[in-house]
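Colleague: Here it is, the structure, as structure tokens.
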Amino acid sequence: MNIVKNKKEILEAFRENSDMMAILTIIRNHGLKDSWLAAGSVRNFIWNLLSDKSPFDCETDVDVIFFDPDISYEETLLLEKKLREDFPQYQWELKNQVYMHQYSPHTAPYSSSRDAMSKYPERCTALE
């Protein structure tokens, strides 16, 4: 198993991976407020890197979170559909964290993507 020693090496691996850089560019170009690449897409990349596998797995969901009270749940679904149509090589999952507390009983509304991530069971898996 390949041991990545620090954050710098992990970030370098992301920068050297053409798929991850393409995904981050797509996210940035969409201009979503408070957007992050999160969850399985980050975790699996690092796990594959540590396991001496190809870091990017095209079967892994590309989990993008953002926080924008001006974008409705329905608009979020349309944005996700557009991402899937425009970039079908990736398995897009787009979630506006404004609405995600509704899926967790007894959870107060989130104030930002960072706030939402702080409540995730796996908080170590995001790139802002």
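Residue numbering restarts at 1 for every chain of the structure tokens, chains are lettered A, B, ... in their displayed order, and ligands are numbered from 1 as they appear.
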When you look at stretch 70-87 of chain A with a cut-off of 9 Å (counting only C-alpha atoms), what residues show up, excluding the ones that are within fewer than 3 positions of it in the same chain? I need them as a list in words.
Modeller: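 Counting only the stated atoms, we get Ile26, Phe67, Tyr90, Gln91, Trp92, Glu93, Leu94, Lys95, Asn96, Val98 and Tyr99 of chain A.
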Colleague: Apply DSSP to the structure's backbone, then extract all residues of chain A labelled alpha helix (DSSP H) and return them as a PDB file with N, CA and C atoms, in the first residue's frame.
Modeller:
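After the write, result_5.pdb holds the following:
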ATOM      1  N   LYS A   7      -0.997  16.319   3.527  1.00  0.00           N
ATOM      2  CA  LYS A   7      -1.980  17.037   2.722  1.00  0.00           C
ATOM      3  C   LYS A   7      -1.376  17.514   1.405  1.00  0.00           C
ATOM      4  N   LYS A   8      -0.136  17.971   1.452  1.00  0.00           N
ATOM      5  CA  LYS A   8       0.530  18.479   0.249  1.00  0.00           C
ATOM      6  C   LYS A   8       0.591  17.401  -0.831  1.00  0.00           C
ATOM      7  N   GLU A   9       0.950  16.184  -0.455  1.00  0.00           N
ATOM      8  CA  GLU A   9       1.037  15.086  -1.417  1.00  0.00           C
ATOM      9  C   GLU A   9      -0.332  14.722  -1.982  1.00  0.00           C
ATOM     10  N   ILE A  10      -1.352  14.762  -1.150  1.00  0.00           N
ATOM     11  CA  ILE A  10      -2.709  14.464  -1.616  1.00  0.00           C
ATOM     12  C   ILE A  10      -3.162  15.524  -2.611  1.00  0.00           C
ATOM     13  N   LEU A  11      -2.954  16.789  -2.267  1.00  0.00           N
ATOM     14  CA  LEU A  11      -3.340  17.870  -3.179  1.00  0.00           C
ATOM     15  C   LEU A  11      -2.563  17.788  -4.487  1.00  0.00           C
ATOM     16  N   GLU A  12      -1.302  17.416  -4.409  1.00  0.00           N
ATOM     17  CA  GLU A  12      -0.493  17.253  -5.617  1.00  0.00           C
ATOM     18  C   GLU A  12      -1.066  16.142  -6.500  1.00  0.00           C
ATOM     19  N   ALA A  13      -1.502  15.050  -5.888  1.00  0.00           N
ATOM     20  CA  ALA A  13      -2.103  13.950  -6.656  1.00  0.00           C
ATOM     21  C   ALA A  13      -3.385  14.413  -7.348  1.00  0.00           C
ATOM     22  N   PHE A  14      -4.186  15.232  -6.662  1.00  0.00           N
ATOM     23  CA  PHE A  14      -5.390  15.788  -7.288  1.00  0.00           C
ATOM     24  C   PHE A  14      -5.006  16.661  -8.481  1.00  0.00           C
ATOM     25  N   ARG A  15      -4.025  17.531  -8.285  1.00  0.00           N
ATOM     26  CA  ARG A  15      -3.605  18.447  -9.360  1.00  0.00           C
ATOM     27  C   ARG A  15      -3.051  17.709 -10.573  1.00  0.00           C
ATOM     28  N   GLU A  16      -2.447  16.562 -10.337  1.00  0.00           N
ATOM     29  CA  GLU A  16      -1.851  15.786 -11.428  1.00  0.00           C
ATOM     30  C   GLU A  16      -2.864  14.904 -12.150  1.00  0.00           C
ATOM     31  N   SER A  18      -5.971  14.396 -14.406  1.00  0.00           N
ATOM     32  CA  SER A  18      -6.722  15.188 -15.390  1.00  0.00           C
ATOM     33  C   SER A  18      -8.228  15.148 -15.143  1.00  0.00           C
ATOM     34  N   ASP A  19      -8.767  14.014 -14.705  1.00  0.00           N
ATOM     35  CA  ASP A  19     -10.206  13.955 -14.425  1.00  0.00           C
ATOM     36  C   ASP A  19     -10.584  14.840 -13.248  1.00  0.00           C
ATOM     37  N   MET A  20      -9.823  14.773 -12.172  1.00  0.00           N
ATOM     38  CA  MET A  20     -10.152  15.607 -11.016  1.00  0.00           C
ATOM     39  C   MET A  20     -10.032  17.086 -11.350  1.00  0.00           C
ATOM     40  N   MET A  21      -9.025  17.447 -12.108  1.00  0.00           N
ATOM     41  CA  MET A  21      -8.881  18.856 -12.483  1.00  0.00           C
ATOM     42  C   MET A  21     -10.015  19.287 -13.411  1.00  0.00           C
ATOM     43  N   ALA A  22     -10.441  18.408 -14.314  1.00  0.00           N
ATOM     44  CA  ALA A  22     -11.577  18.725 -15.188  1.00  0.00           C
ATOM     45  C   ALA A  22     -12.843  18.918 -14.363  1.00  0.00           C
ATOM     46  N   ILE A  23     -13.066  18.039 -13.402  1.00  0.00           N
ATOM     47  CA  ILE A  23     -14.248  18.139 -12.537  1.00  0.00           C
ATOM     48  C   ILE A  23     -14.220  19.437 -11.743  1.00  0.00           C
ATOM     49  N   LEU A  24     -13.085  19.751 -11.138  1.00  0.00           N
ATOM     50  CA  LEU A  24     -12.984  20.993 -10.363  1.00  0.00           C
ATOM     51  C   LEU A  24     -13.192  22.217 -11.251  1.00  0.00           C
ATOM     52  N   THR A  25     -12.718  22.166 -12.477  1.00  0.00           N
ATOM     53  CA  THR A  25     -12.921  23.274 -13.415  1.00  0.00           C
ATOM     54  C   THR A  25     -14.397  23.405 -13.782  1.00  0.00           C
ATOM     55  N   ILE A  26     -15.053  22.285 -14.043  1.00  0.00           N
ATOM     56  CA  ILE A  26     -16.486  22.303 -14.357  1.00  0.00           C
ATOM     57  C   ILE A  26     -17.267  22.902 -13.196  1.00  0.00           C
ATOM     58  N   ILE A  27     -16.957  22.480 -11.982  1.00  0.00           N
ATOM     59  CA  ILE A  27     -17.647  23.009 -10.799  1.00  0.00           C
ATOM     60  C   ILE A  27     -17.429  24.517 -10.702  1.00  0.00           C
ATOM     61  N   ARG A  28     -16.187  24.946 -10.835  1.00  0.00           N
ATOM     62  CA  ARG A  28     -15.882  26.379 -10.749  1.00  0.00           C
ATOM     63  C   ARG A  28     -16.614  27.163 -11.833  1.00  0.00           C
ATOM     64  N   ASN A  29     -16.626  26.648 -13.050  1.00  0.00           N
ATOM     65  CA  ASN A  29     -17.257  27.353 -14.163  1.00  0.00           C
ATOM     66  C   ASN A  29     -18.771  27.465 -14.029  1.00  0.00           C
ATOM     67  N   HIS A  30     -19.371  26.596 -13.238  1.00  0.00           N
ATOM     68  CA  HIS A  30     -20.815  26.692 -13.015  1.00  0.00           C
ATOM     69  C   HIS A  30     -21.167  27.785 -12.007  1.00  0.00           C
ATOM     70  N   GLY A  40     -17.815  10.574  -1.504  1.00  0.00           N
ATOM     71  CA  GLY A  40     -17.180   9.420  -2.122  1.00  0.00           C
ATOM     72  C   GLY A  40     -16.156   9.751  -3.178  1.00  0.00           C
ATOM     73  N   SER A  41     -16.387  10.811  -3.930  1.00  0.00           N
ATOM     74  CA  SER A  41     -15.439  11.165  -4.987  1.00  0.00           C
ATOM     75  C   SER A  41     -14.069  11.503  -4.414  1.00  0.00           C
ATOM     76  N   VAL A  42     -14.043  12.135  -3.264  1.00  0.00           N
ATOM     77  CA  VAL A  42     -12.776  12.480  -2.608  1.00  0.00           C
ATOM     78  C   VAL A  42     -12.217  11.260  -1.878  1.00  0.00           C
ATOM     79  N   ARG A  43     -13.064  10.625  -1.095  1.00  0.00           N
ATOM     80  CA  ARG A  43     -12.634   9.449  -0.322  1.00  0.00           C
ATOM     81  C   ARG A  43     -12.084   8.356  -1.230  1.00  0.00           C
ATOM     82  N   ASN A  44     -12.826   8.026  -2.300  1.00  0.00           N
ATOM     83  CA  ASN A  44     -12.396   6.940  -3.180  1.00  0.00           C
ATOM     84  C   ASN A  44     -11.110   7.276  -3.921  1.00  0.00           C
ATOM     85  N   PHE A  45     -10.949   8.539  -4.311  1.00  0.00           N
ATOM     86  CA  PHE A  45      -9.715   8.957  -4.973  1.00  0.00           C
ATOM     87  C   PHE A  45      -8.519   8.696  -4.052  1.00  0.00           C
ATOM     88  N   ILE A  46      -8.633   9.130  -2.814  1.00  0.00           N
ATOM     89  CA  ILE A  46      -7.527   8.960  -1.862  1.00  0.00           C
ATOM     90  C   ILE A  46      -7.311   7.479  -1.548  1.00  0.00           C
ATOM     91  N   TRP A  47      -8.391   6.742  -1.349  1.00  0.00           N
ATOM     92  CA  TRP A  47      -8.264   5.313  -1.067  1.00  0.00           C
ATOM     93  C   TRP A  47      -7.574   4.596  -2.224  1.00  0.00           C
ATOM     94  N   ASN A  48      -7.989   4.901  -3.456  1.00  0.00           N
ATOM     95  CA  ASN A  48      -7.348   4.275  -4.623  1.00  0.00           C
ATOM     96  C   ASN A  48      -5.873   4.654  -4.710  1.00  0.00           C
ATOM     97  N   LEU A  49      -5.574   5.896  -4.418  1.00  0.00           N
ATOM     98  CA  LEU A  49      -4.187   6.365  -4.416  1.00  0.00           C
ATOM     99  C   LEU A  49      -3.355   5.567  -3.407  1.00  0.00           C
ATOM    100  N   LEU A  50      -3.891   5.403  -2.214  1.00  0.00           N
ATOM    101  CA  LEU A  50      -3.191   4.659  -1.165  1.00  0.00           C
ATOM    102  C   LEU A  50      -3.067   3.174  -1.486  1.00  0.00           C
ATOM    103  N   TYR A  73     -35.015  23.566  -5.026  1.00  0.00           N
ATOM    104  CA  TYR A  73     -34.736  22.133  -5.135  1.00  0.00           C
ATOM    105  C   TYR A  73     -34.914  21.676  -6.584  1.00  0.00           C
ATOM    106  N   GLU A  74     -35.992  22.143  -7.219  1.00  0.00           N
ATOM    107  CA  GLU A  74     -36.273  21.780  -8.612  1.00  0.00           C
ATOM    108  C   GLU A  74     -35.179  22.291  -9.552  1.00  0.00           C
ATOM    109  N   GLU A  75     -34.708  23.504  -9.321  1.00  0.00           N
ATOM    110  CA  GLU A  75     -33.618  24.051 -10.139  1.00  0.00           C
ATOM    111  C   GLU A  75     -32.332  23.250  -9.946  1.00  0.00           C
ATOM    112  N   THR A  76     -32.111  22.789  -8.731  1.00  0.00           N
ATOM    113  CA  THR A  76     -30.940  21.953  -8.456  1.00  0.00           C
ATOM    114  C   THR A  76     -31.004  20.671  -9.281  1.00  0.00           C
ATOM    115  N   LEU A  77     -32.187  20.067  -9.340  1.00  0.00           N
ATOM    116  CA  LEU A  77     -32.351  18.853 -10.145  1.00  0.00           C
ATOM    117  C   LEU A  77     -32.078  19.121 -11.623  1.00  0.00           C
ATOM    118  N   LEU A  78     -32.517  20.275 -12.113  1.00  0.00           N
ATOM    119  CA  LEU A  78     -32.265  20.645 -13.508  1.00  0.00           C
ATOM    120  C   LEU A  78     -30.775  20.874 -13.762  1.00  0.00           C
ATOM    121  N   LEU A  79     -30.094  21.508 -12.808  1.00  0.00           N
ATOM    122  CA  LEU A  79     -28.648  21.715 -12.933  1.00  0.00           C
ATOM    123  C   LEU A  79     -27.909  20.376 -12.969  1.00  0.00           C
ATOM    124  N   GLU A  80     -28.329  19.460 -12.121  1.00  0.00           N
ATOM    125  CA  GLU A  80     -27.711  18.133 -12.106  1.00  0.00           C
ATOM    126  C   GLU A  80     -27.939  17.428 -13.445  1.00  0.00           C
ATOM    127  N   LYS A  81     -29.148  17.511 -13.960  1.00  0.00           N
ATOM    128  CA  LYS A  81     -29.470  16.899 -15.257  1.00  0.00           C
ATOM    129  C   LYS A  81     -28.590  17.484 -16.360  1.00  0.00           C
ATOM    130  N   LYS A  82     -28.404  18.797 -16.333  1.00  0.00           N
ATOM    131  CA  LYS A  82     -27.571  19.474 -17.338  1.00  0.00           C
ATOM    132  C   LYS A  82     -26.111  19.007 -17.230  1.00  0.00           C
ATOM    133  N   LEU A  83     -25.605  18.883 -16.006  1.00  0.00           N
ATOM    134  CA  LEU A  83     -24.244  18.362 -15.825  1.00  0.00           C
ATOM    135  C   LEU A  83     -24.116  16.963 -16.424  1.00  0.00           C
ATOM    136  N   ARG A  84     -25.105  16.122 -16.175  1.00  0.00           N
ATOM    137  CA  ARG A  84     -25.069  14.749 -16.692  1.00  0.00           C
ATOM    138  C   ARG A  84     -25.119  14.718 -18.219  1.00  0.00           C
ATOM    139  N   GLU A  85     -25.884  15.648 -18.795  1.00  0.00           N
ATOM    140  CA  GLU A  85     -25.971  15.715 -20.260  1.00  0.00           C
ATOM    141  C   GLU A  85     -24.687  16.272 -20.870  1.00  0.00           C
ATOM    142  N   ASP A  86     -24.157  17.330 -20.270  1.00  0.00           N
ATOM    143  CA  ASP A  86     -22.974  17.995 -20.825  1.00  0.00           C
ATOM    144  C   ASP A  86     -21.676  17.234 -20.577  1.00  0.00           C
ATOM    145  N   GLN A  97     -27.193  22.240  -0.197  1.00  0.00           N
ATOM    146  CA  GLN A  97     -27.250  21.968   1.239  1.00  0.00           C
ATOM    147  C   GLN A  97     -28.326  22.780   1.965  1.00  0.00           C
ATOM    148  N   VAL A  98     -28.894  23.751   1.287  1.00  0.00           N
ATOM    149  CA  VAL A  98     -30.012  24.512   1.858  1.00  0.00           C
ATOM    150  C   VAL A  98     -31.149  23.561   2.222  1.00  0.00           C
ATOM    151  N   TYR A  99     -31.338  22.508   1.429  1.00  0.00           N
ATOM    152  CA  TYR A  99     -32.485  21.616   1.596  1.00  0.00           C
ATOM    153  C   TYR A  99     -32.154  20.285   2.264  1.00  0.00           C
ATOM    154  N   MET A 100     -30.902  19.982   2.454  1.00  0.00           N
ATOM    155  CA  MET A 100     -30.528  18.633   2.879  1.00  0.00           C
ATOM    156  C   MET A 100     -30.909  18.298   4.318  1.00  0.00           C
ATOM    157  N   SER A 113     -22.245  25.274   3.317  1.00  0.00           N
ATOM    158  CA  SER A 113     -21.765  23.929   2.971  1.00  0.00           C
ATOM    159  C   SER A 113     -20.823  23.402   4.049  1.00  0.00           C
ATOM    160  N   ARG A 114     -19.994  24.278   4.583  1.00  0.00           N
ATOM    161  CA  ARG A 114     -19.082  23.861   5.656  1.00  0.00           C
ATOM    162  C   ARG A 114     -19.876  23.359   6.869  1.00  0.00           C
ATOM    163  N   ASP A 115     -20.943  24.062   7.221  1.00  0.00           N
ATOM    164  CA  ASP A 115     -21.792  23.637   8.332  1.00  0.00           C
ATOM    165  C   ASP A 115     -22.396  22.265   8.034  1.00  0.00           C
ATOM    166  N   ALA A 116     -22.901  22.077   6.817  1.00  0.00           N
ATOM    167  CA  ALA A 116     -23.478  20.786   6.443  1.00  0.00           C
ATOM    168  C   ALA A 116     -22.431  19.681   6.530  1.00  0.00           C
ATOM    169  N   MET A 117     -21.237  19.939   5.995  1.00  0.00           N
ATOM    170  CA  MET A 117     -20.170  18.938   6.037  1.00  0.00           C
ATOM    171  C   MET A 117     -19.775  18.574   7.463  1.00  0.00           C
ATOM    172  N   SER A 118     -19.866  19.536   8.356  1.00  0.00           N
ATOM    173  CA  SER A 118     -19.491  19.257   9.748  1.00  0.00           C
ATOM    174  C   SER A 118     -20.436  18.250  10.391  1.00  0.00           C
TER     175      SER A 118
END
Colleague: One number please: atom CA of A:Ala38 to atom CA of A:Asp61, in Å, one decimal.
Modeller: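 Spanning atom CA of A:Ala38 to atom CA of A:Asp61 is a straight-line distance of 9.8 Å.
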Colleague: Going by DSSP on the backbone, which residues of chain A come out as strand (DSSP E)? List them as a ChimeraX atom specification.
Modeller: /A:36-38,61-66,91-96,126-127
Colleague: Restricting it to C-alpha atoms, dump the selection as an mmCIF file, in the first residue's frame.
Modeller:
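Saved to part24.cif:
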data_model
loop_
_atom_site.group_PDB
_atom_site.id
_atom_site.type_symbol
_atom_site.label_atom_id
_atom_site.label_comp_id
_atom_site.auth_asym_id
_atom_site.auth_seq_id
_atom_site.Cartn_x
_atom_site.Cartn_y
_atom_site.Cartn_z
ATOM 1 C CA TRP A 36 -17.333 21.706 -2.812
ATOM 2 C CA LEU A 37 -16.324 18.386 -4.311
ATOM 3 C CA ALA A 38 -17.253 16.031 -1.497
ATOM 4 C CA ASP A 61 -20.289 9.385 -7.959
ATOM 5 C CA VAL A 62 -18.978 12.902 -8.396
ATOM 6 C CA ASP A 63 -20.568 14.419 -5.306
ATOM 7 C CA VAL A 64 -20.882 18.190 -5.550
ATOM 8 C CA ILE A 65 -22.421 20.173 -2.736
ATOM 9 C CA PHE A 66 -23.227 23.865 -2.670
ATOM 10 C CA GLN A 91 -21.574 10.302 -12.398
ATOM 11 C CA TRP A 92 -22.844 13.667 -11.116
ATOM 12 C CA GLU A 93 -24.661 14.025 -7.787
ATOM 13 C CA LEU A 94 -25.501 17.665 -7.068
ATOM 14 C CA LYS A 95 -26.948 18.658 -3.688
ATOM 15 C CA ASN A 96 -27.933 22.127 -2.493
ATOM 16 C CA ALA A 126 -14.254 17.392 0.805
ATOM 17 C CA LEU A 127 -12.381 19.926 -1.294
#
Colleague: From the options A:Lys33, A:Lys53, A:Tyr120, A:Thr60, which residue's atoms come nearest to A:Gln89, counting only C-alpha atoms?
Modeller: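 So, comparing all the options, the nearest one is A:Thr60.
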Colleague: Atom CA of A:Asn17 and atom CA of A:Ser51, how far apart in Å?
Modeller: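 About the pair atom CA of A:Ser51 and atom CA of A:Asn17: they are 15.9 Å apart.
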